[in-house]
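*Asks:* So here's data.pdb (PDB, C-alpha atoms).
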MODEL        1
ATOM      1  CA  MET N   1     -93.350-142.000  -2.937
ATOM      2  CA  ALA N   2     -93.385-138.568  -1.313
ATOM      3  CA  PRO N   3     -93.956-135.625  -3.622
ATOM      4  CA  SER N   4     -90.811-134.011  -4.948
ATOM      5  CA  ASP N   5     -89.585-130.782  -3.367
ATOM      6  CA  ALA N   6     -87.936-129.812  -6.614
ATOM      7  CA  VAL N   7     -88.759-126.736  -8.615
ATOM      8  CA  LYS N   8     -86.998-126.575 -11.981
ATOM      9  CA  PRO N   9     -83.584-124.932 -11.422
ATOM     10  CA  ALA N  10     -82.125-122.192 -13.547
ATOM     11  CA  GLU N  11     -80.827-123.372 -16.908
ATOM     12  CA  GLY N  12     -77.124-124.105 -17.034
ATOM     13  CA  ALA N  13     -76.708-124.535 -13.277
ATOM     14  CA  ARG N  14     -73.108-125.556 -12.580
ATOM     15  CA  PRO N  15     -72.372-128.535 -10.318
ATOM     16  CA  ALA N  16     -70.254-127.527  -7.323
ATOM     17  CA  ARG N  17     -68.183-129.361  -4.739
ATOM     18  CA  PRO N  18     -69.091-128.860  -1.067
ATOM     19  CA  ASP N  19     -65.533-127.831  -0.219
ATOM     20  CA  GLU N  20     -65.505-125.211  -2.960
ATOM     21  CA  ALA N  21     -65.852-121.700  -1.555
ATOM     22  CA  ARG N  22     -69.237-120.196  -2.260
ATOM     23  CA  THR N  23     -69.375-117.058  -4.341
ATOM     24  CA  PRO N  24     -67.871-114.196  -2.312
ATOM     25  CA  GLY N  25     -69.477-110.823  -2.154
ATOM     26  CA  SER N  26     -72.410-109.106  -0.607
ATOM     27  CA  GLY N  27     -75.036-110.961   1.347
ATOM     28  CA  PRO N  28     -78.316-110.399   3.184
ATOM     29  CA  GLU N  29     -76.928-107.381   5.026
ATOM     30  CA  ASP N  30     -76.806-105.538   1.679
ATOM     31  CA  ALA N  31     -80.416-106.331   0.747
ATOM     32  CA  PRO N  32     -83.307-104.109   1.902
ATOM     33  CA  ALA N  33     -83.802-104.849   5.601
ATOM     34  CA  PRO N  34     -87.640-105.073   5.498
ATOM     35  CA  LEU N  35     -87.522-107.783   2.809
ATOM     36  CA  VAL N  36     -84.832-109.746   4.638
ATOM     37  CA  ARG N  37     -86.884-109.591   7.837
ATOM     38  CA  ALA N  38     -90.033-110.595   5.971
ATOM     39  CA  LEU N  39     -88.291-113.623   4.455
ATOM     40  CA  CYS N  40     -86.948-114.701   7.845
ATOM     41  CA  ASP N  41     -90.364-114.287   9.477
ATOM     42  CA  ASP N  42     -92.079-116.316   6.741
ATOM     43  CA  LEU N  43     -89.488-119.091   6.946
ATOM     44  CA  ALA N  44     -89.774-119.138  10.743
ATOM     45  CA  THR N  45     -93.528-119.570  10.432
ATOM     46  CA  VAL N  46     -93.191-122.409   7.937
ATOM     47  CA  LEU N  47     -90.389-124.240   9.763
ATOM     48  CA  SER N  48     -91.699-123.524  13.293
ATOM     49  CA  THR N  49     -88.286-122.355  14.458
ATOM     50  CA  PRO N  50     -86.630-118.915  14.725
ATOM     51  CA  VAL N  51     -84.823-117.751  11.583
ATOM     52  CA  ASP N  52     -82.516-114.731  11.794
ATOM     53  CA  PRO N  53     -80.880-112.759   8.973
ATOM     54  CA  ALA N  54     -77.548-114.293  10.014
ATOM     55  CA  ASP N  55     -78.986-117.707   9.134
ATOM     56  CA  LEU N  56     -78.962-116.674   5.470
ATOM     57  CA  HIS N  57     -75.172-116.197   5.470
ATOM     58  CA  PRO N  58     -72.698-118.851   4.320
ATOM     59  CA  ARG N  59     -69.557-119.079   6.433
ATOM     60  CA  HIS N  60     -66.231-117.698   5.227
ATOM     61  CA  ASP N  61     -64.824-121.256   5.086
ATOM     62  CA  GLY N  62     -67.471-122.219   2.511
ATOM     63  CA  ALA N  63     -69.922-123.901   4.881
ATOM     64  CA  ALA N  64     -73.543-123.491   3.813
ATOM     65  CA  PRO N  65     -75.833-121.058   5.675
ATOM     66  CA  PRO N  66     -77.721-122.379   8.725
ATOM     67  CA  LEU N  67     -81.029-122.019   6.894
ATOM     68  CA  LEU N  68     -80.095-124.984   4.701
ATOM     69  CA  GLY N  69     -79.562-126.991   7.857
ATOM     70  CA  LEU N  70     -82.990-125.981   9.180
ATOM     71  CA  VAL N  71     -84.582-127.081   5.908
ATOM     72  CA  GLY N  72     -82.468-130.249   5.887
ATOM     73  CA  VAL N  73     -83.735-131.450   9.287
ATOM     74  CA  ALA N  74     -87.388-130.447   8.742
ATOM     75  CA  ALA N  75     -90.109-133.031   8.164
ATOM     76  CA  ALA N  76     -91.337-133.459   4.597
ATOM     77  CA  GLY N  77     -94.345-131.148   4.896
ATOM     78  CA  PRO N  78     -92.594-128.065   6.292
ATOM     79  CA  ARG N  79     -89.623-128.661   3.975
ATOM     80  CA  GLN N  80     -91.808-128.700   0.883
ATOM     81  CA  VAL N  81     -93.599-125.524   1.961
ATOM     82  CA  ALA N  82     -90.279-123.773   2.656
ATOM     83  CA  CYS N  83     -88.971-124.738  -0.791
ATOM     84  CA  ARG N  84     -92.208-123.500  -2.354
ATOM     85  CA  LEU N  85     -91.982-120.221  -0.436
ATOM     86  CA  LEU N  86     -88.549-119.491  -1.899
ATOM     87  CA  ALA N  87     -89.696-120.468  -5.387
ATOM     88  CA  GLU N  88     -92.721-118.188  -5.095
ATOM     89  CA  TRP N  89     -90.504-115.225  -4.219
ATOM     90  CA  VAL N  90     -88.923-115.767  -7.635
ATOM     91  CA  ARG N  91     -92.226-116.341  -9.444
ATOM     92  CA  ALA N  92     -93.716-113.201  -7.896
ATOM     93  CA  GLY N  93     -90.753-111.118  -9.013
ATOM     94  CA  THR N  94     -89.783-110.196  -5.458
ATOM     95  CA  ALA N  95     -86.359-111.755  -5.972
ATOM     96  CA  GLU N  96     -84.298-113.263  -8.758
ATOM     97  CA  ARG N  97     -83.011-116.798  -8.793
ATOM     98  CA  GLY N  98     -79.297-117.043  -8.031
ATOM     99  CA  GLU N  99     -76.682-119.660  -8.810
ATOM    100  CA  GLN N 100     -76.459-122.580  -6.412
ATOM    101  CA  PRO N 101     -74.554-125.848  -5.947
ATOM    102  CA  GLU N 102     -76.025-128.988  -7.506
ATOM    103  CA  LEU N 103     -75.246-132.224  -5.687
ATOM    104  CA  TRP N 104     -76.504-135.808  -5.614
ATOM    105  CA  GLY N 105     -79.177-136.822  -3.122
ATOM    106  CA  PRO N 106     -81.602-139.611  -2.232
ATOM    107  CA  SER N 107     -84.471-137.559  -3.716
ATOM    108  CA  ALA N 108     -85.019-134.343  -5.660
ATOM    109  CA  VAL N 109     -84.868-131.198  -3.527
ATOM    110  CA  ASP N 110     -84.605-127.621  -4.743
ATOM    111  CA  ILE N 111     -83.888-124.869  -2.208
ATOM    112  CA  ALA N 112     -83.872-121.819  -4.434
ATOM    113  CA  GLY N 113     -81.021-119.356  -4.123
ATOM    114  CA  LEU N 114     -82.269-115.757  -4.141
ATOM    115  CA  ARG N 115     -80.831-112.466  -5.390
ATOM    116  CA  LEU N 116     -82.337-109.058  -4.810
ATOM    117  CA  GLY N 117     -81.313-106.018  -6.829
ATOM    118  CA  GLY N 118     -78.222-107.857  -8.040
ATOM    119  CA  GLU N 119     -77.144-108.723  -4.488
ATOM    120  CA  ARG N 120     -77.183-112.213  -3.030
ATOM    121  CA  LEU N 121     -79.947-112.722  -0.495
ATOM    122  CA  LEU N 122     -79.663-116.482   0.045
ATOM    123  CA  PRO N 123     -77.456-119.235  -1.407
ATOM    124  CA  GLY N 124     -79.536-122.275  -2.311
ATOM    125  CA  LEU N 125     -78.992-125.954  -3.017
ATOM    126  CA  THR N 126     -80.265-128.433  -5.606
ATOM    127  CA  LEU N 127     -80.204-132.179  -4.941
ATOM    128  CA  THR N 128     -80.564-134.506  -7.911
ATOM    129  CA  PRO N 129     -81.559-138.171  -7.358
ATOM    130  CA  LEU N 130     -78.838-140.733  -7.966
ATOM    131  CA  PRO N 131     -79.080-142.474 -11.361
ATOM    132  CA  SER N 132     -80.689-145.901 -11.274
ATOM    133  CA  GLY N 133     -78.317-148.807 -11.706
ATOM    134  CA  LEU N 134     -75.375-146.978 -10.166
ATOM    135  CA  ALA N 135     -72.777-149.217  -8.542
ATOM    136  CA  PRO N 136     -73.206-149.123  -4.746
ATOM    137  CA  ARG N 137     -69.670-147.944  -4.031
ATOM    138  CA  GLU N 138     -70.046-145.110  -6.510
ATOM    139  CA  ALA N 139     -73.388-144.196  -4.929
ATOM    140  CA  VAL N 140     -71.746-143.878  -1.513
ATOM    141  CA  GLU N 141     -68.979-141.767  -3.017
ATOM    142  CA  ARG N 142     -71.432-139.428  -4.741
ATOM    143  CA  LEU N 143     -73.446-138.898  -1.547
ATOM    144  CA  LEU N 144     -70.529-137.964   0.718
ATOM    145  CA  PRO N 145     -70.174-134.402  -0.672
ATOM    146  CA  THR N 146     -73.878-133.882   0.041
ATOM    147  CA  VAL N 147     -73.375-135.071   3.608
ATOM    148  CA  ALA N 148     -70.557-132.546   3.976
ATOM    149  CA  GLU N 149     -72.636-129.716   2.499
ATOM    150  CA  LEU N 150     -75.590-130.245   4.833
ATOM    151  CA  LEU N 151     -73.380-131.001   7.813
ATOM    152  CA  GLY N 152     -71.732-127.597   7.479
ATOM    153  CA  ALA N 153     -75.149-125.937   7.710
ATOM    154  CA  MET N 154     -76.114-127.601  11.001
ATOM    155  CA  ARG N 155     -75.934-125.473  14.119
ATOM    156  CA  GLN N 156     -74.814-128.397  16.260
ATOM    157  CA  VAL N 157     -74.249-132.124  15.789
ATOM    158  CA  ALA N 158     -73.218-135.008  17.996
ATOM    159  CA  LEU N 159     -69.889-136.210  16.617
ATOM    160  CA  VAL N 160     -68.816-139.721  17.571
ATOM    161  CA  ASP N 161     -65.068-139.929  18.134
ATOM    162  CA  ARG N 162     -63.812-143.312  19.277
ATOM    163  CA  THR N 163     -65.660-144.073  22.543
ATOM    164  CA  ARG N 164     -67.396-140.746  23.144
ATOM    165  CA  ALA N 165     -69.824-138.360  21.489
ATOM    166  CA  ALA N 166     -69.220-134.623  21.692
ATOM    167  CA  THR N 167     -71.500-131.775  20.620
ATOM    168  CA  VAL N 168     -69.720-129.612  18.026
ATOM    169  CA  PRO N 169     -70.749-126.951  15.502
ATOM    170  CA  GLY N 170     -71.731-128.343  12.127
ATOM    171  CA  TRP N 171     -69.012-126.375  10.337
ATOM    172  CA  SER N 172     -66.367-128.066  12.492
ATOM    173  CA  ALA N 173     -67.774-131.530  11.748
ATOM    174  CA  ARG N 174     -67.804-130.667   8.037
ATOM    175  CA  LEU N 175     -64.131-129.732   8.042
ATOM    176  CA  ARG N 176     -63.253-132.966   9.788
ATOM    177  CA  LEU N 177     -65.240-135.007   7.262
ATOM    178  CA  LEU N 178     -63.556-133.245   4.338
ATOM    179  CA  ALA N 179     -60.073-133.763   5.798
ATOM    180  CA  GLU N 180     -60.679-137.454   6.487
ATOM    181  CA  TYR N 181     -62.301-137.939   3.077
ATOM    182  CA  ASP N 182     -59.187-136.492   1.420
ATOM    183  CA  ALA N 183     -57.090-138.971   3.404
ATOM    184  CA  LEU N 184     -59.399-141.864   2.463
ATOM    185  CA  GLY N 185     -59.124-141.169  -1.255
ATOM    186  CA  PRO N 186     -61.445-142.188  -4.100
ATOM    187  CA  ALA N 187     -63.188-145.553  -4.198
ATOM    188  CA  ALA N 188     -61.508-146.481  -7.467
ATOM    189  CA  ALA N 189     -58.087-146.303  -5.814
ATOM    190  CA  ALA N 190     -59.028-148.774  -3.047
ATOM    191  CA  THR N 191     -58.174-151.856  -5.102
ATOM    192  CA  GLY N 192     -56.370-153.707  -2.323
ATOM    193  CA  ASP N 193     -59.260-153.722   0.161
ATOM    194  CA  PRO N 194     -62.411-152.152  -1.297
ATOM    195  CA  GLY N 195     -64.507-153.333   1.641
ATOM    196  CA  ALA N 196     -62.409-151.271   4.043
ATOM    197  CA  TRP N 197     -63.057-148.214   1.874
ATOM    198  CA  VAL N 198     -66.823-148.829   2.042
ATOM    199  CA  VAL N 199     -66.833-149.215   5.829
ATOM    200  CA  SER N 200     -64.661-146.118   6.284
ATOM    201  CA  ALA N 201     -66.732-144.004   3.878
ATOM    202  CA  HIS N 202     -69.953-144.928   5.665
ATOM    203  CA  HIS N 203     -68.274-144.221   9.000
ATOM    204  CA  LEU N 204     -67.306-140.713   7.864
ATOM    205  CA  ALA N 205     -70.956-139.881   7.247
ATOM    206  CA  ALA N 206     -72.518-141.800  10.137
ATOM    207  CA  SER N 207     -70.164-140.415  12.787
ATOM    208  CA  ALA N 208     -72.330-137.285  12.775
ATOM    209  CA  PHE N 209     -75.730-137.566  14.448
ATOM    210  CA  VAL N 210     -78.274-134.750  14.228
ATOM    211  CA  PRO N 211     -80.874-135.144  17.015
ATOM    212  CA  GLU N 212     -83.189-132.525  15.477
ATOM    213  CA  ALA N 213     -83.550-134.379  12.176
ATOM    214  CA  ALA N 214     -87.202-135.362  11.709
ATOM    215  CA  GLU N 215     -88.296-138.660  10.242
ATOM    216  CA  GLY N 216     -88.463-138.196   6.476
ATOM    217  CA  SER N 217     -86.137-135.187   6.552
ATOM    218  CA  VAL N 218     -83.469-134.769   3.892
ATOM    219  CA  TRP N 219     -80.805-135.560   6.490
ATOM    220  CA  ALA N 220     -82.576-138.736   7.618
ATOM    221  CA  GLN N 221     -83.026-139.834   3.995
ATOM    222  CA  LEU N 222     -79.364-139.133   3.298
ATOM    223  CA  MET N 223     -78.126-141.192   6.250
ATOM    224  CA  ALA N 224     -80.403-144.067   5.241
ATOM    225  CA  ALA N 225     -79.219-143.921   1.623
ATOM    226  CA  VAL N 226     -75.524-143.938   2.535
ATOM    227  CA  ARG N 227     -76.057-146.944   4.792
ATOM    228  CA  THR N 228     -78.176-148.841   2.260
ATOM    229  CA  HIS N 229     -75.672-148.400  -0.549
ATOM    230  CA  ALA N 230     -72.750-149.244   1.745
ATOM    231  CA  VAL N 231     -74.408-152.503   2.808
ATOM    232  CA  ARG N 232     -75.063-153.355  -0.840
ATOM    233  CA  ALA N 233     -71.440-152.643  -1.689
ATOM    234  CA  LEU N 234     -70.283-154.998   1.072
ATOM    235  CA  ALA N 235     -72.763-157.628  -0.093
ATOM    236  CA  GLU N 236     -71.285-157.456  -3.606
ATOM    237  CA  LEU N 237     -67.891-158.172  -2.064
ATOM    238  CA  GLY N 238     -69.284-161.045   0.020
ATOM    239  CA  GLU N 239     -68.555-159.145   3.237
ATOM    240  CA  ALA N 240     -72.045-158.259   4.453
ATOM    241  CA  LYS N 241     -73.320-160.293   7.371
ATOM    242  CA  GLU N 242     -76.817-161.751   7.108
ATOM    243  CA  GLY N 243     -79.014-160.138   9.733
ATOM    244  CA  GLU N 244     -77.538-156.631   9.318
ATOM    245  CA  GLY N 245     -81.083-155.277   9.525
ATOM    246  CA  GLU N 246     -81.142-156.316  13.192
ATOM    247  CA  LEU N 247     -78.582-153.643  14.059
ATOM    248  CA  ASP N 248     -81.355-151.211  14.966
ATOM    249  CA  ARG N 249     -83.008-153.620  17.428
ATOM    250  CA  ARG N 250     -81.047-153.895  20.640
ATOM    251  CA  GLY N 251     -83.004-156.877  21.872
ATOM    252  CA  SER N 252     -82.834-158.902  18.648
ATOM    253  CA  ALA N 253     -81.181-162.295  18.438
ATOM    254  CA  ASP N 254     -78.376-161.119  16.136
ATOM    255  CA  PHE N 255     -77.630-157.826  17.887
ATOM    256  CA  ALA N 256     -75.023-159.171  20.322
ATOM    257  CA  ALA N 257     -73.280-161.096  17.567
ATOM    258  CA  LEU N 258     -73.083-158.076  15.272
ATOM    259  CA  VAL N 259     -72.457-155.127  17.624
ATOM    260  CA  ASP N 260     -69.413-154.346  19.751
ATOM    261  CA  MET N 261     -71.119-152.909  22.815
ATOM    262  CA  GLU N 262     -67.845-152.198  24.624
ATOM    263  CA  ARG N 263     -66.773-149.729  21.927
ATOM    264  CA  SER N 264     -70.241-148.386  21.111
ATOM    265  CA  VAL N 265     -71.196-144.956  22.424
ATOM    266  CA  THR N 266     -74.068-143.630  24.541
ATOM    267  CA  LEU N 267     -75.249-140.101  23.788
ATOM    268  CA  ASP N 268     -75.503-138.566  27.248
ATOM    269  CA  GLY N 269     -78.164-135.907  27.562
ATOM    270  CA  TYR N 270     -80.351-137.298  24.795
ATOM    271  CA  PRO N 271     -83.928-136.630  25.958
ATOM    272  CA  ALA N 272     -85.473-140.030  25.136
ATOM    273  CA  ARG N 273     -83.915-142.344  27.699
ATOM    274  CA  SER N 274     -84.880-145.529  25.895
ATOM    275  CA  GLY N 275     -81.525-147.211  25.411
ATOM    276  CA  ASN N 276     -82.409-147.645  21.737
ATOM    277  CA  VAL N 277     -80.013-147.487  18.805
ATOM    278  CA  LEU N 278     -79.962-143.927  17.454
ATOM    279  CA  GLN N 279     -77.597-144.536  14.548
ATOM    280  CA  VAL N 280     -75.297-147.246  13.211
ATOM    281  CA  VAL N 281     -71.914-145.542  13.252
ATOM    282  CA  ARG N 282     -69.833-148.324  11.734
ATOM    283  CA  LEU N 283     -71.123-151.290   9.730
ATOM    284  CA  PRO N 284     -70.198-154.896  10.520
ATOM    285  CA  ARG N 285     -67.978-156.656   8.020
ATOM    286  CA  GLU N 286     -67.147-160.322   7.610
ATOM    287  CA  ARG N 287     -63.866-161.025   5.868
ATOM    288  CA  ALA N 288     -61.774-164.179   5.676
ATOM    289  CA  GLY N 289     -63.964-165.839   8.294
ATOM    290  CA  ARG N 290     -63.476-163.022  10.796
ATOM    291  CA  MET N 291     -66.255-160.691  11.947
ATOM    292  CA  GLU N 292     -65.517-156.995  12.413
ATOM    293  CA  LYS N 293     -68.392-155.912  14.633
ATOM    294  CA  ALA N 294     -70.529-152.835  14.211
ATOM    295  CA  LEU N 295     -70.440-149.709  16.371
ATOM    296  CA  VAL N 296     -73.666-147.933  17.255
ATOM    297  CA  LEU N 297     -74.767-144.746  18.959
ATOM    298  CA  LEU N 298     -77.221-145.404  21.773
ATOM    299  CA  ALA N 299     -79.742-143.352  23.695
ATOM    300  CA  PRO N 300     -79.172-143.477  27.459
ATOM    301  CA  ARG N 301     -81.216-145.914  29.500
ATOM    302  CA  SER N 302     -83.729-144.665  32.015
ATOM    303  CA  GLY N 303     -82.074-144.415  35.399
ATOM    304  CA  GLY N 304     -78.650-144.800  33.827
TER     305      GLY N 304
ENDMDL
END
The structure given in the file should be rewritten as structure tokens.
*Replies:*
Amino acid sequence: MAPSDAVKPAEGARPARPDEARTPGSGPEDAPAPLVRALCDDLATVLSTPVDPADLHPRHDGAAPPLLGLVGVAAAGPRQVACRLLAEWVRAGTAERGEQPELWGPSAVDIAGLRLGGERLLPGLTLTPLPSGLAPREAVERLLPTVAELLGAMRQVALVDRTRAATVPGWSARLRLLAEYDALGPAAAATGDPGAWVVSAHHLAASAFVPEAAEGSVWAQLMAAVRTHAVRALAELGEAKEGEGELDRRGSADFAALVDMERSVTLDGYPARSGNVLQVVRLPRERAGRMEKALVLLAPRSGG
């Protein structure tokens, strides 16, 4: 198991919904400019990507600041160092720890929120691992707000809509997820066809693909966790198809039987022209002897 990124959060931290507006008020522009620049430079060094003062700002619609997206797509090593950097600013007395949302996640992650001289410097985020023994449908439901929170912090994502994938800002994809999640409703209310709720909930999360997400990143872990729990939920209902693990292997024996290639989407412009499956967008489901095939997002083929 990878080492935890978590540093003990402030006592009494209040859980927050991802669609709840973050605390209004002053931001990094009100903090001393040399310290803001120093923080951005240090984070850029750790994450190996440019970080600007604007990346510390949440959006006015409540979307998280882009810095959380940069941390969310980073590999485990850089992510852990970035989290430690923020924690050390607090330990050294350079900044105070601020309030931050606490959401469920596949593993413990603590991105410390910072305040400087009573002014907010950076909103943070705490992810708490899901309780063991949680029902799979409930696990999927608890992870969707975390997907929305991180999605809003991404600069750009590939959003799969029907038979095409379009590049959109993360905040736009977040708003779409929240609107469709409101329309879907809670899992407990889906008594007539709980399997349809599971497939739709997974689809809400998996319709967004983040090419920059490194293996082992928080985003990659989150996508894997949503899919794993969704498959388990379908299995409990007797609607999971044996061989679902073959969905990631285009040349496997079960791939053609499980995947609807006519409705699946190719991500044009993706640099690795391998033709491989990039993400399972919609899970297969077997119900009443009828197979509802999966949809996948594919890399383009070389020469295609």
*Asks:* Determine the nearest neighbour of Ala148 of chain N from the options N:Ser172, N:Asn276, N:Ser302, N:Thr167, counting all atoms listed in the file.
*Replies:* N:Ser172
*Asks:* Hey, what's within 9 Å of Pro123 of chain N if we count only C-alpha atoms and toss same-chain stuff fewer than 5 positions away? As a PyMOL selection string, please?
*Replies:* chain N and resi 22-23+56-58+64-65+68+98-101+111-115
*Asks:* Evaluating the PyMOL selection byres ((chain N and resi 287) around 10) on the displayed file yields which residues, as a ChimeraX atom specification?
*Replies:* /N:195,237-241,284-286,288-292
*Asks:* What's the 7 Å shell around Ser264 of chain N, counting all atoms listed in the file, without same-chain residues fewer than 5 positions away, as a list in words?
*Replies:*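 Once the adjacent positions are removed, what remains is Thr163, Leu295, Val296 and Leu297 of chain N.
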*Asks:* Expand the PyMOL selection byres ((chain N and resi 117) around 8) into the individual residues it matches in the shown file, reporting them as a VMD selection string.
*Replies:* chain N and resid 31 95 115 to 116 118 to 119
*Asks:* In the coordinate frame of the file, compute which residues have an atom within 12 Å of (-73.2, -139.7, 5.5) when using all atoms listed in the file, and state them as an MDAnalysis selection string.
*Replies:* chainID N and resid 105:106 139:151 173:174 177:178 181 198:210 218:230 279:282
*Asks:* Which is closest to Ala213 of chain N among N:Leu134, N:Val109, N:Leu70, N:Val259, if we use all atoms listed in the file?
*Replies:*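 Checking each candidate against Ala213 of chain N, we get N:Leu70 as the closest.
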*Asks:* Please measure the separation of atom CA of Asp268 of chain N and atom CA of Leu298 of chain N, giving the value in Å to one decimal.
*Replies:*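 Taking atom CA of Asp268 of chain N and atom CA of Leu298 of chain N, their separation equals 8.9 Å.
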*Asks:* Let me make sure I understand: among N:Val46, N:Val81, N:Leu67, N:Val265, which one has the smallest atom-to-atom distance to Leu121 of chain N if we use all atoms listed in the file?
*Replies:*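 Of the candidates, the smallest distance to Leu121 of chain N is held by N:Leu67.
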*Asks:* Just so the selection is clear, what residues does the PyMOL selection byres ((chain N and resi 37) around 12) cover here, as a ChimeraX atom specification?
*Replies:* /N:28-29,31-36,38-44,50-56,121
*Asks:* One decimal, in Å: what's the spacing between atom CA of Ala190 of chain N and atom CA of Glu236 of chain N?
*Replies:* 15.0 Å
*Asks:* Report the distance between atom CA of Ala299 of chain N and atom CA of Glu262 of chain N in Å, rounded to one decimal place.
*Replies:* 14.9 Å
*Asks:* Since the input is missing atoms for segment 181-194 of chain N, could you rebuild it with N, CA, C and O atoms and give the result as a PDB file, keeping the file's coordinate frame?
*Replies:*
ATOM      1  N   TYR N 181     -61.956-137.446   4.405  1.00  0.00           N
ATOM      2  CA  TYR N 181     -62.301-137.939   3.077  1.00  0.00           C
ATOM      3  C   TYR N 181     -61.118-137.780   2.129  1.00  0.00           C
ATOM      4  O   TYR N 181     -60.830-138.656   1.306  1.00  0.00           O
ATOM      5  N   ASP N 182     -60.391-136.671   2.229  1.00  0.00           N
ATOM      6  CA  ASP N 182     -59.187-136.492   1.420  1.00  0.00           C
ATOM      7  C   ASP N 182     -58.170-137.588   1.728  1.00  0.00           C
ATOM      8  O   ASP N 182     -57.504-138.110   0.825  1.00  0.00           O
ATOM      9  N   ALA N 183     -58.034-137.929   3.015  1.00  0.00           N
ATOM     10  CA  ALA N 183     -57.090-138.971   3.404  1.00  0.00           C
ATOM     11  C   ALA N 183     -57.550-140.347   2.922  1.00  0.00           C
ATOM     12  O   ALA N 183     -56.725-141.192   2.558  1.00  0.00           O
ATOM     13  N   LEU N 184     -58.865-140.574   2.899  1.00  0.00           N
ATOM     14  CA  LEU N 184     -59.399-141.864   2.463  1.00  0.00           C
ATOM     15  C   LEU N 184     -59.156-142.089   0.983  1.00  0.00           C
ATOM     16  O   LEU N 184     -58.815-143.193   0.551  1.00  0.00           O
ATOM     17  N   GLY N 185     -59.341-141.042   0.181  1.00  0.00           N
ATOM     18  CA  GLY N 185     -59.124-141.169  -1.255  1.00  0.00           C
ATOM     19  C   GLY N 185     -60.346-141.719  -1.975  1.00  0.00           C
ATOM     20  O   GLY N 185     -61.324-142.142  -1.359  1.00  0.00           O
ATOM     21  N   PRO N 186     -60.298-141.727  -3.311  1.00  0.00           N
ATOM     22  CA  PRO N 186     -61.445-142.188  -4.100  1.00  0.00           C
ATOM     23  C   PRO N 186     -61.638-143.694  -4.016  1.00  0.00           C
ATOM     24  O   PRO N 186     -60.694-144.449  -3.768  1.00  0.00           O
ATOM     25  N   ALA N 187     -62.869-144.127  -4.256  1.00  0.00           N
ATOM     26  CA  ALA N 187     -63.188-145.553  -4.198  1.00  0.00           C
ATOM     27  C   ALA N 187     -62.393-146.343  -5.218  1.00  0.00           C
ATOM     28  O   ALA N 187     -61.966-147.476  -4.968  1.00  0.00           O
ATOM     29  N   ALA N 188     -62.201-145.765  -6.391  1.00  0.00           N
ATOM     30  CA  ALA N 188     -61.508-146.481  -7.467  1.00  0.00           C
ATOM     31  C   ALA N 188     -60.069-146.833  -7.117  1.00  0.00           C
ATOM     32  O   ALA N 188     -59.488-147.774  -7.669  1.00  0.00           O
ATOM     33  N   ALA N 189     -59.478-146.065  -6.191  1.00  0.00           N
ATOM     34  CA  ALA N 189     -58.087-146.303  -5.814  1.00  0.00           C
ATOM     35  C   ALA N 189     -57.949-147.382  -4.745  1.00  0.00           C
ATOM     36  O   ALA N 189     -56.841-147.852  -4.472  1.00  0.00           O
ATOM     37  N   ALA N 190     -59.073-147.792  -4.139  1.00  0.00           N
ATOM     38  CA  ALA N 190     -59.028-148.774  -3.047  1.00  0.00           C
ATOM     39  C   ALA N 190     -59.102-150.192  -3.615  1.00  0.00           C
ATOM     40  O   ALA N 190     -60.009-150.961  -3.299  1.00  0.00           O
ATOM     41  N   THR N 191     -58.143-150.541  -4.443  1.00  0.00           N
ATOM     42  CA  THR N 191     -58.174-151.856  -5.102  1.00  0.00           C
ATOM     43  C   THR N 191     -57.715-152.979  -4.173  1.00  0.00           C
ATOM     44  O   THR N 191     -58.130-154.121  -4.323  1.00  0.00           O
ATOM     45  N   GLY N 192     -56.874-152.661  -3.205  1.00  0.00           N
ATOM     46  CA  GLY N 192     -56.370-153.707  -2.323  1.00  0.00           C
ATOM     47  C   GLY N 192     -57.412-154.233  -1.355  1.00  0.00           C
ATOM     48  O   GLY N 192     -57.477-155.435  -1.095  1.00  0.00           O
ATOM     49  N   ASP N 193     -58.235-153.334  -0.817  1.00  0.00           N
ATOM     50  CA  ASP N 193     -59.260-153.722   0.161  1.00  0.00           C
ATOM     51  C   ASP N 193     -60.471-152.808  -0.012  1.00  0.00           C
ATOM     52  O   ASP N 193     -60.690-151.895   0.788  1.00  0.00           O
ATOM     53  N   PRO N 194     -61.265-153.039  -1.054  1.00  0.00           N
ATOM     54  CA  PRO N 194     -62.411-152.152  -1.297  1.00  0.00           C
ATOM     55  C   PRO N 194     -63.436-152.164  -0.179  1.00  0.00           C
ATOM     56  O   PRO N 194     -64.105-151.160   0.067  1.00  0.00           O
TER      57      PRO N 194
END
